[in-house]
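K.L.:
Questions regarding the structure given below will be posed in turn.
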Amino acid sequence: MDAGIRFRIIKDRIFLGAVILFSFMLLLPLLLILYYIVVNGIGVINWEFLTSLPRPMGEMGGGIINSMVGTLMLVIVASLFAIPPGVFAGIYLAENKTGKLVNTVRMCVEILQGIPSIVIGIIAYAWIVVTMGTFSALSGGVALAIMMLPVIVRSTEETMKLIPDTLREASLALGVPYSRTVLKVIVPAGVTGILTGVLLGIARIAGETAPLLFTAFGSPFMNTNIFKPVDSLPLLIFNYATSPYPHWHNLAWGASFVLVVFVLGINFFAKMVARRWKVQF
Amino acid sequence: MESSVLTIEDFCAHFSGNQVVNDVSMNVEDKKVTALMGPSGCGKTTLLRCINRMHELIPGTGVSGTMKLHDDDLYSLNPIVVRKKIGMVFQRPNPFPTMSIYDNVIAGYTLNGIRIKRSEKDRIVEDALKKAALWNEVKERLHRKGSFLSGGQQQRLCIARALAMNPDIMLMDEPTSALDPKATAHIEELITALKKNVTILLVTHNIAQAGRVSDFTAFMYLGDLVEFGTTEKLFTVPEDKRTEEYLSGKFG
Amino acid sequence: MLCAHPHNVPTVPATRKTSAAVEKSMLPEKTNELKAHIIQYSSHIQHMLGKSIKGLINRDAGILREVIDNDEARANEIELTIDEMCTNLIAQFQPMAKELRTVLMIYNMNNSLERMGDHAVNISESALEVIKYPAIKPFIDIPRMSEIGTQMLEDAIQSFIDQDPLIARDVCRRDSIIDGLRDQVMRELITYMSGNPAIISYCLHVLRIAENLERIADLTTNICEDVIFIAQGRVVKHHLRNGESDTETK
């Protein structure tokens, strides 16, 4: 065999080896994270942990029920604020390829995506907390909604773009007006993609902490009123992990475990939805 | 031309300044199949799409001249109204993927918010599917989604959907290009049977198909209507040299 | 944007159709329609032939006039129709294999039948002259030729309907009988003519009738060769005469 060929085969193998190696290196941190969380958190999970309120500082026991409820509330509020404008904006961007307004909207969404989460938190503070005079789940929800918006707009737009023009034409050729075509034919065809986008948006914001620092603020009490401060899992983890109490550190691991399970669960669910309700064109 | 369904006079169409249809005049006969044939880029698809005003959905397009459907000027009516009178079948079968076969056929009514009794709906669906030669194959599975249908069956479903609206004329834009030969043969047989019920205007780039299926043929080249006549005459004694060359396969 | 020349207003040409508006349908139906037409044509030609000989034997000028004045025009009309049908069928449907051979051979048969019609007219014309004179002797050979010839044509058409090459071959073999009879008629007539110059005109017309009958038989064998080509794809032209065994031509 020619020496040149042999060299090329070796080069090829080295390259392949490097690709595999780096891919593995990528997996490593993820596996380590999951390992640590599971090992440290799973011991803390028990019925009391999941159903009781936190104890005052220093005392043993306590749970995270209010944080879980709080996270849920924030997610719901954020969704209510983010989904309608996000989906409609996504549809608008997908249906109109060019135009001044379209380009402006697109640019705004891109900028929004780049704003640091803590800055969004400060803005929400200035708009809502100061106006209302109190921290609240509402302000936290709004901050999270602003973060969720670009994700939903992007994924809706991409879904809509994937829907072939032929579908639109088929409906228009039947004499169906444009608005009805979009609402009754295009959107239903893309509902799976939109739903997936929403779920991914939720997964994204479920773990956000910075914007909640001065909006939802946190609270040791159970609260279901959106006009009052509310605790959330990331906030709890932040507070407990930076506290001097080892017991609270344990609780923080437990909460981390719960949060990771929640986020991974949503991601998994989103995948199932996408696969199960796949629309064939 | 007392039995003309569609009259086209001095019709021109352009895309942002590029003229693609030049001064076309022709009449489409009632209950006959008229084929529009020509090489790629000759303007036949554009002309077809101008009839049900799908052409104007693209920005920067414009038309001039007249098109009349049974004495109604198509360009003075609301496009929505025009499209309800005219059925269209596209190159790629495009049934609505989220709807069942039944809902697909009746979609022209439901999407337009036209309320009809259930029994009337059933009748329309059965009638349309029978005319499209699809009834026997799907009558047991009307309420399932059409994803199990083959390409040819999907195209017949699209034909049924258009027929359900009882159009004055059916426009077909290369309806068999995306189908295999057997499905193509079925659709051609269907077209031959359908013309008893409805006038058909068919765009095709397949010369042999135009010969087999149509009663009248129009040959277009570079936006001009070069020749129009009965298929028999056009295929045996064409008047224009360009038609002769196209038929012999010299170009296109 | 001025567009220059006015375009042709579409016309619906009145085509020579024998029946009312022909429905457009697919190839098999078109081919069957064509076959029906050619069979109808052959019937007409057989009729013409029969009338010519009958007019001769029965000395009926009326029937002979009919052949010349009416039947020929009709025969020509049918020939043109079938011609057009064949052309259109090939142009529009591009038949292949057996269907192609069928259409091409029907085109040939059309031609042969038209010429047979011309010969029948020739027979009638000569017959009109012949019946002006009293008979020299009763006609024996000519009626025999006509009988065999008519049967040959009948069988040839049957072989086309049945797509049966065996019948076709059989018909071709009978051609030699007709040839023999024509030779016999010629010898007889030469004898008469050399004996009596006054009847030369009469004899020449009788001879012309015999010649035309012989030509009709030849054309019938052409039809049979066409049938064999349709059925088997074998070209047997110019071979099946006088009982020769056929050899294949590639």
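We label chains A, B, ... in the order they appear in the structure tokens, count residues from 1 in each chain, and number ligands from 1 in the order shown.
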Find the residues around segment 188-202 of chain C up to 10 Å (only C-alpha atoms counted), leave out those fewer than 3 positions away in its own chain, and share them as a ChimeraX atom specification.
P.N.:
/C:126-127,129-136,182-185,205-208
K.L.:
Could you please take those selected residues and save C-alpha atoms as a short mmCIF file (atom, residue, chain, number, x, y, z; two decimals), in the first residue's frame?
P.N.:
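This is the output file result.cif:
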```cif
data_model
loop_
_atom_site.label_atom_id
_atom_site.label_comp_id
_atom_site.auth_asym_id
_atom_site.auth_seq_id
_atom_site.Cartn_x
_atom_site.Cartn_y
_atom_site.Cartn_z
CA SER C 126 -68.09 -2.94 -68.63
CA ALA C 127 -71.20 -4.88 -67.69
CA GLU C 129 -71.64 -2.44 -72.36
CA VAL C 130 -71.83 -6.23 -72.31
CA ILE C 131 -75.55 -6.42 -71.64
CA LYS C 132 -76.25 -4.33 -74.72
CA TYR C 133 -75.37 -7.38 -76.80
CA PRO C 134 -76.95 -10.81 -76.84
CA ALA C 135 -74.86 -13.39 -74.96
CA ILE C 136 -72.38 -15.42 -76.98
CA ARG C 182 -59.00 -15.73 -65.59
CA ASP C 183 -56.48 -17.42 -67.87
CA GLN C 184 -59.17 -19.79 -69.06
CA VAL C 185 -61.58 -16.93 -69.80
CA HIS C 205 -65.41 -5.87 -72.04
CA VAL C 206 -65.94 -9.40 -70.77
CA LEU C 207 -62.19 -9.76 -70.44
CA ARG C 208 -62.06 -6.48 -68.54
#
```
K.L.:
Within 9 Å of chain C, which residues of chain B come that close, and what is the closest atom pair and distance in Å for each? Count only C-alpha atoms and give it as JSON lines.
P.N.:
```
{"residue": "B:Met1", "atom": "CA", "partner": "C:Thr11", "partner_atom": "CA", "distance": 8.8}
{"residue": "B:Asp10", "atom": "CA", "partner": "C:Cys3", "partner_atom": "CA", "distance": 8.5}
{"residue": "B:Cys12", "atom": "CA", "partner": "C:Cys3", "partner_atom": "CA", "distance": 8.8}
{"residue": "B:Gln19", "atom": "CA", "partner": "C:Met1", "partner_atom": "CA", "distance": 8.7}
{"residue": "B:Asn22", "atom": "CA", "partner": "C:Cys3", "partner_atom": "CA", "distance": 6.6}
{"residue": "B:Asp23", "atom": "CA", "partner": "C:Cys3", "partner_atom": "CA", "distance": 6.0}
{"residue": "B:Val24", "atom": "CA", "partner": "C:His7", "partner_atom": "CA", "distance": 7.5}
{"residue": "B:Ser25", "atom": "CA", "partner": "C:His7", "partner_atom": "CA", "distance": 6.7}
{"residue": "B:Met26", "atom": "CA", "partner": "C:Pro10", "partner_atom": "CA", "distance": 6.6}
{"residue": "B:Asn27", "atom": "CA", "partner": "C:Pro10", "partner_atom": "CA", "distance": 7.1}
{"residue": "B:Glu189", "atom": "CA", "partner": "C:Met26", "partner_atom": "CA", "distance": 7.6}
{"residue": "B:Thr192", "atom": "CA", "partner": "C:Ser25", "partner_atom": "CA", "distance": 6.7}
{"residue": "B:Ala193", "atom": "CA", "partner": "C:Ser25", "partner_atom": "CA", "distance": 8.6}
{"residue": "B:Ala208", "atom": "CA", "partner": "C:Gln92", "partner_atom": "CA", "distance": 6.8}
{"residue": "B:Gln209", "atom": "CA", "partner": "C:Gln92", "partner_atom": "CA", "distance": 8.5}
{"residue": "B:Ala210", "atom": "CA", "partner": "C:Gln92", "partner_atom": "CA", "distance": 8.1}
{"residue": "B:Gly211", "atom": "CA", "partner": "C:Gln92", "partner_atom": "CA", "distance": 4.3}
{"residue": "B:Arg212", "atom": "CA", "partner": "C:Gln92", "partner_atom": "CA", "distance": 5.5}
{"residue": "B:Val213", "atom": "CA", "partner": "C:Ser25", "partner_atom": "CA", "distance": 7.7}
{"residue": "B:Ser214", "atom": "CA", "partner": "C:Lys24", "partner_atom": "CA", "distance": 8.0}
{"residue": "B:Asp215", "atom": "CA", "partner": "C:Lys24", "partner_atom": "CA", "distance": 7.2}
{"residue": "B:Leu225", "atom": "CA", "partner": "C:His7", "partner_atom": "CA", "distance": 7.6}
{"residue": "B:Val226", "atom": "CA", "partner": "C:His7", "partner_atom": "CA", "distance": 8.1}
{"residue": "B:Glu227", "atom": "CA", "partner": "C:Asn8", "partner_atom": "CA", "distance": 7.5}
{"residue": "B:Phe228", "atom": "CA", "partner": "C:Pro10", "partner_atom": "CA", "distance": 5.8}
{"residue": "B:Gly229", "atom": "CA", "partner": "C:Pro10", "partner_atom": "CA", "distance": 5.8}
{"residue": "B:Thr230", "atom": "CA", "partner": "C:Val12", "partner_atom": "CA", "distance": 6.7}
{"residue": "B:Thr231", "atom": "CA", "partner": "C:Gln92", "partner_atom": "CA", "distance": 7.9}
{"residue": "B:Glu232", "atom": "CA", "partner": "C:Asn88", "partner_atom": "CA", "distance": 5.7}
{"residue": "B:Lys233", "atom": "CA", "partner": "C:Asn88", "partner_atom": "CA", "distance": 8.0}
{"residue": "B:Phe235", "atom": "CA", "partner": "C:Ala91", "partner_atom": "CA", "distance": 5.9}
{"residue": "B:Thr236", "atom": "CA", "partner": "C:Ala91", "partner_atom": "CA", "distance": 6.1}
```
K.L.:
Identify, on the basis of only C-alpha atoms, every residue whose closest approach to segment 48-56 of chain C does not exceed 6 Å; exclude the query and any residue fewer than 5 positions from it along the same chain; express the result as a PDB file with N, CA and C atoms, in the first residue's frame.
P.N.:
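Saved as part-v1.pdb:
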```pdb
ATOM      1  N   ILE C  63     -79.428  -1.633 -61.677  1.00  0.00           N
ATOM      2  CA  ILE C  63     -78.555  -1.959 -60.547  1.00  0.00           C
ATOM      3  C   ILE C  63     -77.133  -1.512 -60.842  1.00  0.00           C
ATOM      4  N   LEU C  64     -76.728  -1.657 -62.087  1.00  0.00           N
ATOM      5  CA  LEU C  64     -75.366  -1.278 -62.457  1.00  0.00           C
ATOM      6  C   LEU C  64     -75.180   0.234 -62.349  1.00  0.00           C
ATOM      7  N   ALA C 120     -64.954  -2.716 -58.760  1.00  0.00           N
ATOM      8  CA  ALA C 120     -66.382  -3.060 -58.884  1.00  0.00           C
ATOM      9  C   ALA C 120     -67.068  -2.090 -59.830  1.00  0.00           C
ATOM     10  N   SER C 124     -68.971  -2.820 -63.338  1.00  0.00           N
ATOM     11  CA  SER C 124     -70.310  -2.323 -63.683  1.00  0.00           C
ATOM     12  C   SER C 124     -70.295  -1.597 -65.025  1.00  0.00           C
ATOM     13  N   ALA C 127     -69.960  -4.091 -67.644  1.00  0.00           N
ATOM     14  CA  ALA C 127     -71.196  -4.884 -67.689  1.00  0.00           C
ATOM     15  C   ALA C 127     -72.281  -4.139 -68.463  1.00  0.00           C
TER      16      ALA C 127
END
```
K.L.:
Counting only C-alpha atoms, which residues from chain A have an atom at most 12 Å from any atom of chain B, and could you show them as a PyMOL selection string?
P.N.:
chain A and resi 96-99+163-192+277-281
K.L.:
Could you find all residues in segment 12-252 of chain B that DSSP calls strand (DSSP E) from the backbone, and write them as an mmCIF file with N, CA and C atoms, in the first residue's frame?
P.N.:
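part-v7.cif, written as the output of this step:
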```
data_model
loop_
_atom_site.group_PDB
_atom_site.id
_atom_site.type_symbol
_atom_site.label_atom_id
_atom_site.label_comp_id
_atom_site.auth_asym_id
_atom_site.auth_seq_id
_atom_site.Cartn_x
_atom_site.Cartn_y
_atom_site.Cartn_z
ATOM 1 N N CYS B 12 -53.553 39.879 -20.488
ATOM 2 C CA CYS B 12 -52.107 39.939 -20.237
ATOM 3 C C CYS B 12 -51.866 39.814 -18.738
ATOM 4 N N ALA B 13 -50.771 39.196 -18.363
ATOM 5 C CA ALA B 13 -50.427 39.103 -16.941
ATOM 6 C C ALA B 13 -48.935 39.334 -16.791
ATOM 7 N N HIS B 14 -48.569 39.986 -15.685
ATOM 8 C CA HIS B 14 -47.134 40.193 -15.484
ATOM 9 C C HIS B 14 -46.738 40.004 -14.022
ATOM 10 N N PHE B 15 -45.456 39.678 -13.848
ATOM 11 C CA PHE B 15 -44.842 39.575 -12.530
ATOM 12 C C PHE B 15 -43.882 40.737 -12.425
ATOM 13 N N ASN B 18 -42.432 41.969 -15.607
ATOM 14 C CA ASN B 18 -42.144 40.981 -16.657
ATOM 15 C C ASN B 18 -43.440 40.404 -17.178
ATOM 16 N N GLN B 19 -43.691 40.649 -18.459
ATOM 17 C CA GLN B 19 -44.922 40.142 -19.056
ATOM 18 C C GLN B 19 -44.804 38.627 -19.246
ATOM 19 N N VAL B 20 -45.701 37.865 -18.659
ATOM 20 C CA VAL B 20 -45.618 36.413 -18.843
ATOM 21 C C VAL B 20 -46.777 35.849 -19.663
ATOM 22 N N VAL B 21 -47.862 36.616 -19.773
ATOM 23 C CA VAL B 21 -48.953 36.183 -20.631
ATOM 24 C C VAL B 21 -49.260 37.354 -21.556
ATOM 25 N N ASN B 22 -49.162 37.121 -22.869
ATOM 26 C CA ASN B 22 -49.332 38.224 -23.813
ATOM 27 C C ASN B 22 -50.613 38.106 -24.593
ATOM 28 N N ASP B 23 -51.576 38.954 -24.281
ATOM 29 C CA ASP B 23 -52.710 39.097 -25.186
ATOM 30 C C ASP B 23 -53.332 37.760 -25.582
ATOM 31 N N VAL B 24 -53.757 37.003 -24.617
ATOM 32 C CA VAL B 24 -54.349 35.709 -24.932
ATOM 33 C C VAL B 24 -55.856 35.847 -25.052
ATOM 34 N N SER B 25 -56.398 35.276 -26.107
ATOM 35 C CA SER B 25 -57.849 35.239 -26.260
ATOM 36 C C SER B 25 -58.266 33.826 -26.582
ATOM 37 N N MET B 26 -59.164 33.283 -25.811
ATOM 38 C CA MET B 26 -59.683 31.958 -26.139
ATOM 39 C C MET B 26 -61.003 31.714 -25.423
ATOM 40 N N ASN B 27 -61.730 30.722 -25.884
ATOM 41 C CA ASN B 27 -62.994 30.342 -25.259
ATOM 42 C C ASN B 27 -62.916 28.900 -24.808
ATOM 43 N N VAL B 28 -63.441 28.658 -23.633
ATOM 44 C CA VAL B 28 -63.451 27.292 -23.127
ATOM 45 C C VAL B 28 -64.863 26.757 -23.237
ATOM 46 N N GLU B 29 -64.998 25.649 -23.944
ATOM 47 C CA GLU B 29 -66.310 25.078 -24.220
ATOM 48 C C GLU B 29 -66.920 24.373 -23.024
ATOM 49 N N VAL B 33 -63.172 18.946 -22.221
ATOM 50 C CA VAL B 33 -61.861 19.093 -21.608
ATOM 51 C C VAL B 33 -60.979 19.916 -22.539
ATOM 52 N N THR B 34 -60.467 21.024 -22.030
ATOM 53 C CA THR B 34 -59.544 21.835 -22.821
ATOM 54 C C THR B 34 -58.177 21.724 -22.178
ATOM 55 N N ALA B 35 -57.161 21.422 -22.975
ATOM 56 C CA ALA B 35 -55.815 21.300 -22.424
ATOM 57 C C ALA B 35 -54.997 22.529 -22.798
ATOM 58 N N LEU B 36 -54.183 22.984 -21.844
ATOM 59 C CA LEU B 36 -53.249 24.081 -22.104
ATOM 60 C C LEU B 36 -51.874 23.458 -22.058
ATOM 61 N N MET B 37 -51.200 23.408 -23.187
ATOM 62 C CA MET B 37 -49.890 22.773 -23.139
ATOM 63 C C MET B 37 -48.820 23.709 -23.672
ATOM 64 N N THR B 61 -47.836 41.513 -8.791
ATOM 65 C CA THR B 61 -48.380 40.991 -10.049
ATOM 66 C C THR B 61 -49.515 41.885 -10.523
ATOM 67 N N GLY B 62 -49.796 41.815 -11.814
ATOM 68 C CA GLY B 62 -50.890 42.615 -12.347
ATOM 69 C C GLY B 62 -51.412 41.975 -13.611
ATOM 70 N N VAL B 63 -52.653 42.313 -13.958
ATOM 71 C CA VAL B 63 -53.267 41.744 -15.146
ATOM 72 C C VAL B 63 -53.996 42.830 -15.918
ATOM 73 N N SER B 64 -54.279 42.523 -17.191
ATOM 74 C CA SER B 64 -55.167 43.406 -17.947
ATOM 75 C C SER B 64 -55.928 42.544 -18.931
ATOM 76 N N GLY B 65 -57.046 43.063 -19.429
ATOM 77 C CA GLY B 65 -57.866 42.246 -20.322
ATOM 78 C C GLY B 65 -59.077 41.732 -19.552
ATOM 79 N N THR B 66 -59.897 40.929 -20.224
ATOM 80 C CA THR B 66 -61.084 40.434 -19.526
ATOM 81 C C THR B 66 -61.159 38.922 -19.483
ATOM 82 N N MET B 67 -61.753 38.451 -18.411
ATOM 83 C CA MET B 67 -62.088 37.027 -18.301
ATOM 84 C C MET B 67 -63.527 36.962 -17.841
ATOM 85 N N LYS B 68 -64.334 36.248 -18.602
ATOM 86 C CA LYS B 68 -65.747 36.180 -18.217
ATOM 87 C C LYS B 68 -66.163 34.731 -18.002
ATOM 88 N N LEU B 69 -66.845 34.500 -16.905
ATOM 89 C CA LEU B 69 -67.390 33.186 -16.640
ATOM 90 C C LEU B 69 -68.895 33.309 -16.784
ATOM 91 N N ASP B 72 -70.162 36.756 -16.402
ATOM 92 C CA ASP B 72 -69.735 37.537 -15.243
ATOM 93 C C ASP B 72 -68.270 37.892 -15.420
ATOM 94 N N ASP B 73 -67.954 39.176 -15.302
ATOM 95 C CA ASP B 73 -66.558 39.577 -15.409
ATOM 96 C C ASP B 73 -65.841 39.161 -14.126
ATOM 97 N N ILE B 86 -65.216 28.344 -8.879
ATOM 98 C CA ILE B 86 -64.224 27.661 -9.699
ATOM 99 C C ILE B 86 -63.460 26.672 -8.832
ATOM 100 N N GLY B 87 -63.365 25.438 -9.279
ATOM 101 C CA GLY B 87 -62.634 24.441 -8.511
ATOM 102 C C GLY B 87 -61.210 24.336 -9.010
ATOM 103 N N MET B 88 -60.284 24.050 -8.103
ATOM 104 C CA MET B 88 -58.900 23.890 -8.544
ATOM 105 C C MET B 88 -58.251 22.668 -7.943
ATOM 106 N N VAL B 89 -57.480 21.970 -8.769
ATOM 107 C CA VAL B 89 -56.727 20.812 -8.305
ATOM 108 C C VAL B 89 -55.258 21.076 -8.636
ATOM 109 N N ILE B 169 -66.554 25.443 -13.432
ATOM 110 C CA ILE B 169 -65.415 24.975 -14.211
ATOM 111 C C ILE B 169 -64.357 24.450 -13.253
ATOM 112 N N MET B 170 -63.651 23.386 -13.674
ATOM 113 C CA MET B 170 -62.587 22.823 -12.841
ATOM 114 C C MET B 170 -61.249 23.140 -13.480
ATOM 115 N N LEU B 171 -60.352 23.741 -12.698
ATOM 116 C CA LEU B 171 -59.017 24.017 -13.224
ATOM 117 C C LEU B 171 -58.077 22.964 -12.673
ATOM 118 N N MET B 172 -57.280 22.356 -13.529
ATOM 119 C CA MET B 172 -56.348 21.340 -13.050
ATOM 120 C C MET B 172 -54.934 21.716 -13.471
ATOM 121 N N ASP B 173 -54.067 21.917 -12.492
ATOM 122 C CA ASP B 173 -52.697 22.342 -12.784
ATOM 123 C C ASP B 173 -51.779 21.133 -12.725
ATOM 124 N N THR B 199 -67.115 21.309 -16.809
ATOM 125 C CA THR B 199 -66.101 21.722 -17.792
ATOM 126 C C THR B 199 -64.726 21.641 -17.145
ATOM 127 N N ILE B 200 -63.731 21.194 -17.881
ATOM 128 C CA ILE B 200 -62.400 21.050 -17.305
ATOM 129 C C ILE B 200 -61.366 21.788 -18.142
ATOM 130 N N LEU B 201 -60.517 22.550 -17.478
ATOM 131 C CA LEU B 201 -59.382 23.200 -18.139
ATOM 132 C C LEU B 201 -58.133 22.653 -17.476
ATOM 133 N N LEU B 202 -57.297 22.050 -18.288
ATOM 134 C CA LEU B 202 -56.203 21.245 -17.744
ATOM 135 C C LEU B 202 -54.870 21.767 -18.256
ATOM 136 N N VAL B 203 -53.953 22.076 -17.349
ATOM 137 C CA VAL B 203 -52.604 22.449 -17.777
ATOM 138 C C VAL B 203 -51.745 21.207 -17.719
ATOM 139 N N THR B 204 -51.009 20.933 -18.779
ATOM 140 C CA THR B 204 -50.133 19.778 -18.740
ATOM 141 C C THR B 204 -48.873 20.043 -19.542
ATOM 142 N N PHE B 216 -60.206 19.875 -26.736
ATOM 143 C CA PHE B 216 -59.589 21.046 -27.355
ATOM 144 C C PHE B 216 -58.212 21.241 -26.753
ATOM 145 N N THR B 217 -57.297 21.740 -27.559
ATOM 146 C CA THR B 217 -55.960 21.987 -27.040
ATOM 147 C C THR B 217 -55.514 23.392 -27.401
ATOM 148 N N ALA B 218 -54.870 24.052 -26.425
ATOM 149 C CA ALA B 218 -54.272 25.350 -26.681
ATOM 150 C C ALA B 218 -52.776 25.205 -26.485
ATOM 151 N N PHE B 219 -52.006 25.689 -27.442
ATOM 152 C CA PHE B 219 -50.556 25.617 -27.314
ATOM 153 C C PHE B 219 -50.017 27.001 -27.033
ATOM 154 N N MET B 220 -49.282 27.100 -25.929
ATOM 155 C CA MET B 220 -48.707 28.392 -25.564
ATOM 156 C C MET B 220 -47.196 28.334 -25.621
ATOM 157 N N TYR B 221 -46.598 29.448 -26.017
ATOM 158 C CA TYR B 221 -45.155 29.505 -26.087
ATOM 159 C C TYR B 221 -44.703 30.918 -25.786
ATOM 160 N N ASP B 224 -47.342 33.622 -25.444
ATOM 161 C CA ASP B 224 -48.339 33.805 -26.495
ATOM 162 C C ASP B 224 -49.189 32.568 -26.650
ATOM 163 N N LEU B 225 -50.452 32.772 -27.036
ATOM 164 C CA LEU B 225 -51.277 31.638 -27.420
ATOM 165 C C LEU B 225 -50.993 31.402 -28.899
ATOM 166 N N VAL B 226 -50.192 30.386 -29.176
ATOM 167 C CA VAL B 226 -49.763 30.157 -30.550
ATOM 168 C C VAL B 226 -50.880 29.568 -31.396
ATOM 169 N N GLU B 227 -51.559 28.565 -30.820
ATOM 170 C CA GLU B 227 -52.615 27.918 -31.603
ATOM 171 C C GLU B 227 -53.665 27.314 -30.683
ATOM 172 N N PHE B 228 -54.886 27.311 -31.169
ATOM 173 C CA PHE B 228 -55.983 26.725 -30.395
ATOM 174 C C PHE B 228 -56.913 26.006 -31.358
ATOM 175 N N GLY B 229 -57.299 24.803 -31.030
ATOM 176 C CA GLY B 229 -58.235 24.101 -31.908
ATOM 177 C C GLY B 229 -58.643 22.783 -31.313
ATOM 178 N N THR B 230 -59.399 21.992 -32.058
ATOM 179 C CA THR B 230 -59.735 20.658 -31.581
ATOM 180 C C THR B 230 -58.441 19.866 -31.512
#
```
K.L.:
What lies within 12 Å of Glu147 of chain C using only C-alpha atoms, ignoring chain neighbours under 2 positions off, as a PyMOL selection string?
P.N.:
chain C and resi 46+49-50+53-54+140-145+149-154+174+177-178+181+213-214+217
K.L.:
Generate the output file for the selected residues, N, CA and C atoms, as a compact mmCIF listing (two decimals), in the first residue's frame.
P.N.:
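Output file result.txt is given in full below:
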```txt
# COMPACT_ATOMS: atom_id res chain seq x y z
N GLN C 46 -68.49 -5.38 -50.55
CA GLN C 46 -69.02 -6.69 -50.95
C GLN C 46 -70.34 -6.52 -51.69
N LEU C 49 -69.82 -5.25 -55.18
CA LEU C 49 -69.37 -6.34 -56.05
C LEU C 49 -70.55 -7.24 -56.44
N GLY C 50 -71.32 -7.60 -55.42
CA GLY C 50 -72.46 -8.47 -55.66
C GLY C 50 -73.43 -7.88 -56.68
N ILE C 53 -72.10 -8.01 -60.39
CA ILE C 53 -72.22 -9.32 -61.04
C ILE C 53 -73.68 -9.67 -61.28
N LYS C 54 -74.50 -9.33 -60.31
CA LYS C 54 -75.94 -9.59 -60.47
C LYS C 54 -76.49 -8.83 -61.67
N ILE C 140 -70.24 -18.85 -67.49
CA ILE C 140 -69.97 -19.89 -66.48
C ILE C 140 -68.79 -19.50 -65.60
N ASP C 141 -67.69 -19.20 -66.27
CA ASP C 141 -66.47 -18.94 -65.50
C ASP C 141 -66.55 -17.66 -64.69
N ILE C 142 -67.13 -16.65 -65.36
CA ILE C 142 -67.18 -15.36 -64.61
C ILE C 142 -68.02 -15.45 -63.34
N PRO C 143 -69.21 -16.01 -63.41
CA PRO C 143 -69.94 -16.18 -62.15
C PRO C 143 -69.17 -17.00 -61.14
N ARG C 144 -68.42 -17.99 -61.66
CA ARG C 144 -67.63 -18.81 -60.75
C ARG C 144 -66.53 -18.00 -60.07
N MET C 145 -65.88 -17.19 -60.88
CA MET C 145 -64.84 -16.31 -60.33
C MET C 145 -65.46 -15.40 -59.28
N GLY C 149 -64.47 -15.35 -55.51
CA GLY C 149 -63.94 -14.07 -55.05
C GLY C 149 -64.73 -13.50 -53.88
N THR C 150 -66.06 -13.57 -54.00
CA THR C 150 -66.92 -13.07 -52.92
C THR C 150 -66.68 -13.85 -51.63
N GLN C 151 -66.59 -15.18 -51.79
CA GLN C 151 -66.33 -16.00 -50.63
C GLN C 151 -64.99 -15.67 -49.99
N MET C 152 -64.00 -15.45 -50.89
CA MET C 152 -62.67 -15.08 -50.38
C MET C 152 -62.74 -13.81 -49.55
N LEU C 153 -63.44 -12.81 -50.09
CA LEU C 153 -63.53 -11.54 -49.37
C LEU C 153 -64.25 -11.73 -48.05
N GLU C 154 -65.34 -12.48 -48.10
CA GLU C 154 -66.11 -12.76 -46.88
C GLU C 154 -65.21 -13.41 -45.83
N ARG C 174 -56.43 -19.74 -52.28
CA ARG C 174 -57.49 -19.81 -53.30
C ARG C 174 -57.26 -18.82 -54.45
N ILE C 177 -56.71 -20.23 -57.84
CA ILE C 177 -57.88 -20.71 -58.61
C ILE C 177 -58.41 -19.59 -59.48
N ILE C 178 -58.52 -18.43 -58.85
CA ILE C 178 -59.03 -17.27 -59.59
C ILE C 178 -58.12 -16.96 -60.79
N LEU C 181 -58.79 -19.37 -63.53
CA LEU C 181 -60.06 -19.09 -64.22
C LEU C 181 -59.91 -17.90 -65.16
N LEU C 213 -62.08 -8.80 -61.72
CA LEU C 213 -62.36 -9.79 -60.68
C LEU C 213 -61.06 -10.37 -60.13
N GLU C 214 -60.11 -10.59 -61.02
CA GLU C 214 -58.82 -11.12 -60.59
C GLU C 214 -58.10 -10.11 -59.70
N ALA C 217 -59.48 -10.19 -56.26
CA ALA C 217 -58.97 -11.31 -55.48
C ALA C 217 -57.57 -11.03 -54.96
```
K.L.:
Based on the backbone DSSP call, show me all residues of segment 64-104 of chain B assigned alpha helix (DSSP H), as a PyMOL selection string.
P.N.:
chain B and resi 79-85+101-104
K.L.:
Dump C-alpha atoms for the selected residues as a compact mmCIF listing (two decimals), in the first residue's frame?
P.N.:
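Listed below is the output, again_34.txt:
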```txt
# COMPACT_ATOMS: atom_id res chain seq x y z
CA PRO B 79 -62.07 37.14 -5.50
CA ILE B 80 -63.62 35.03 -2.77
CA VAL B 81 -66.82 34.78 -4.79
CA VAL B 82 -64.84 33.90 -7.90
CA ARG B 83 -62.98 31.11 -6.18
CA LYS B 84 -66.18 29.56 -4.88
CA LYS B 85 -67.44 29.17 -8.43
CA ILE B 101 -61.73 12.25 4.61
CA TYR B 102 -65.33 13.26 5.23
CA ASP B 103 -64.32 16.66 6.57
CA ASN B 104 -61.92 17.17 3.72
```
K.L.:
Please report the interatomic distance between atom CA of Val5 of chain B and atom CA of Asp71 of chain B in Å with one decimal.
P.N.:
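Computed distance, atom CA of Val5 of chain B to atom CA of Asp71 of chain B, equals 8.5 Å.
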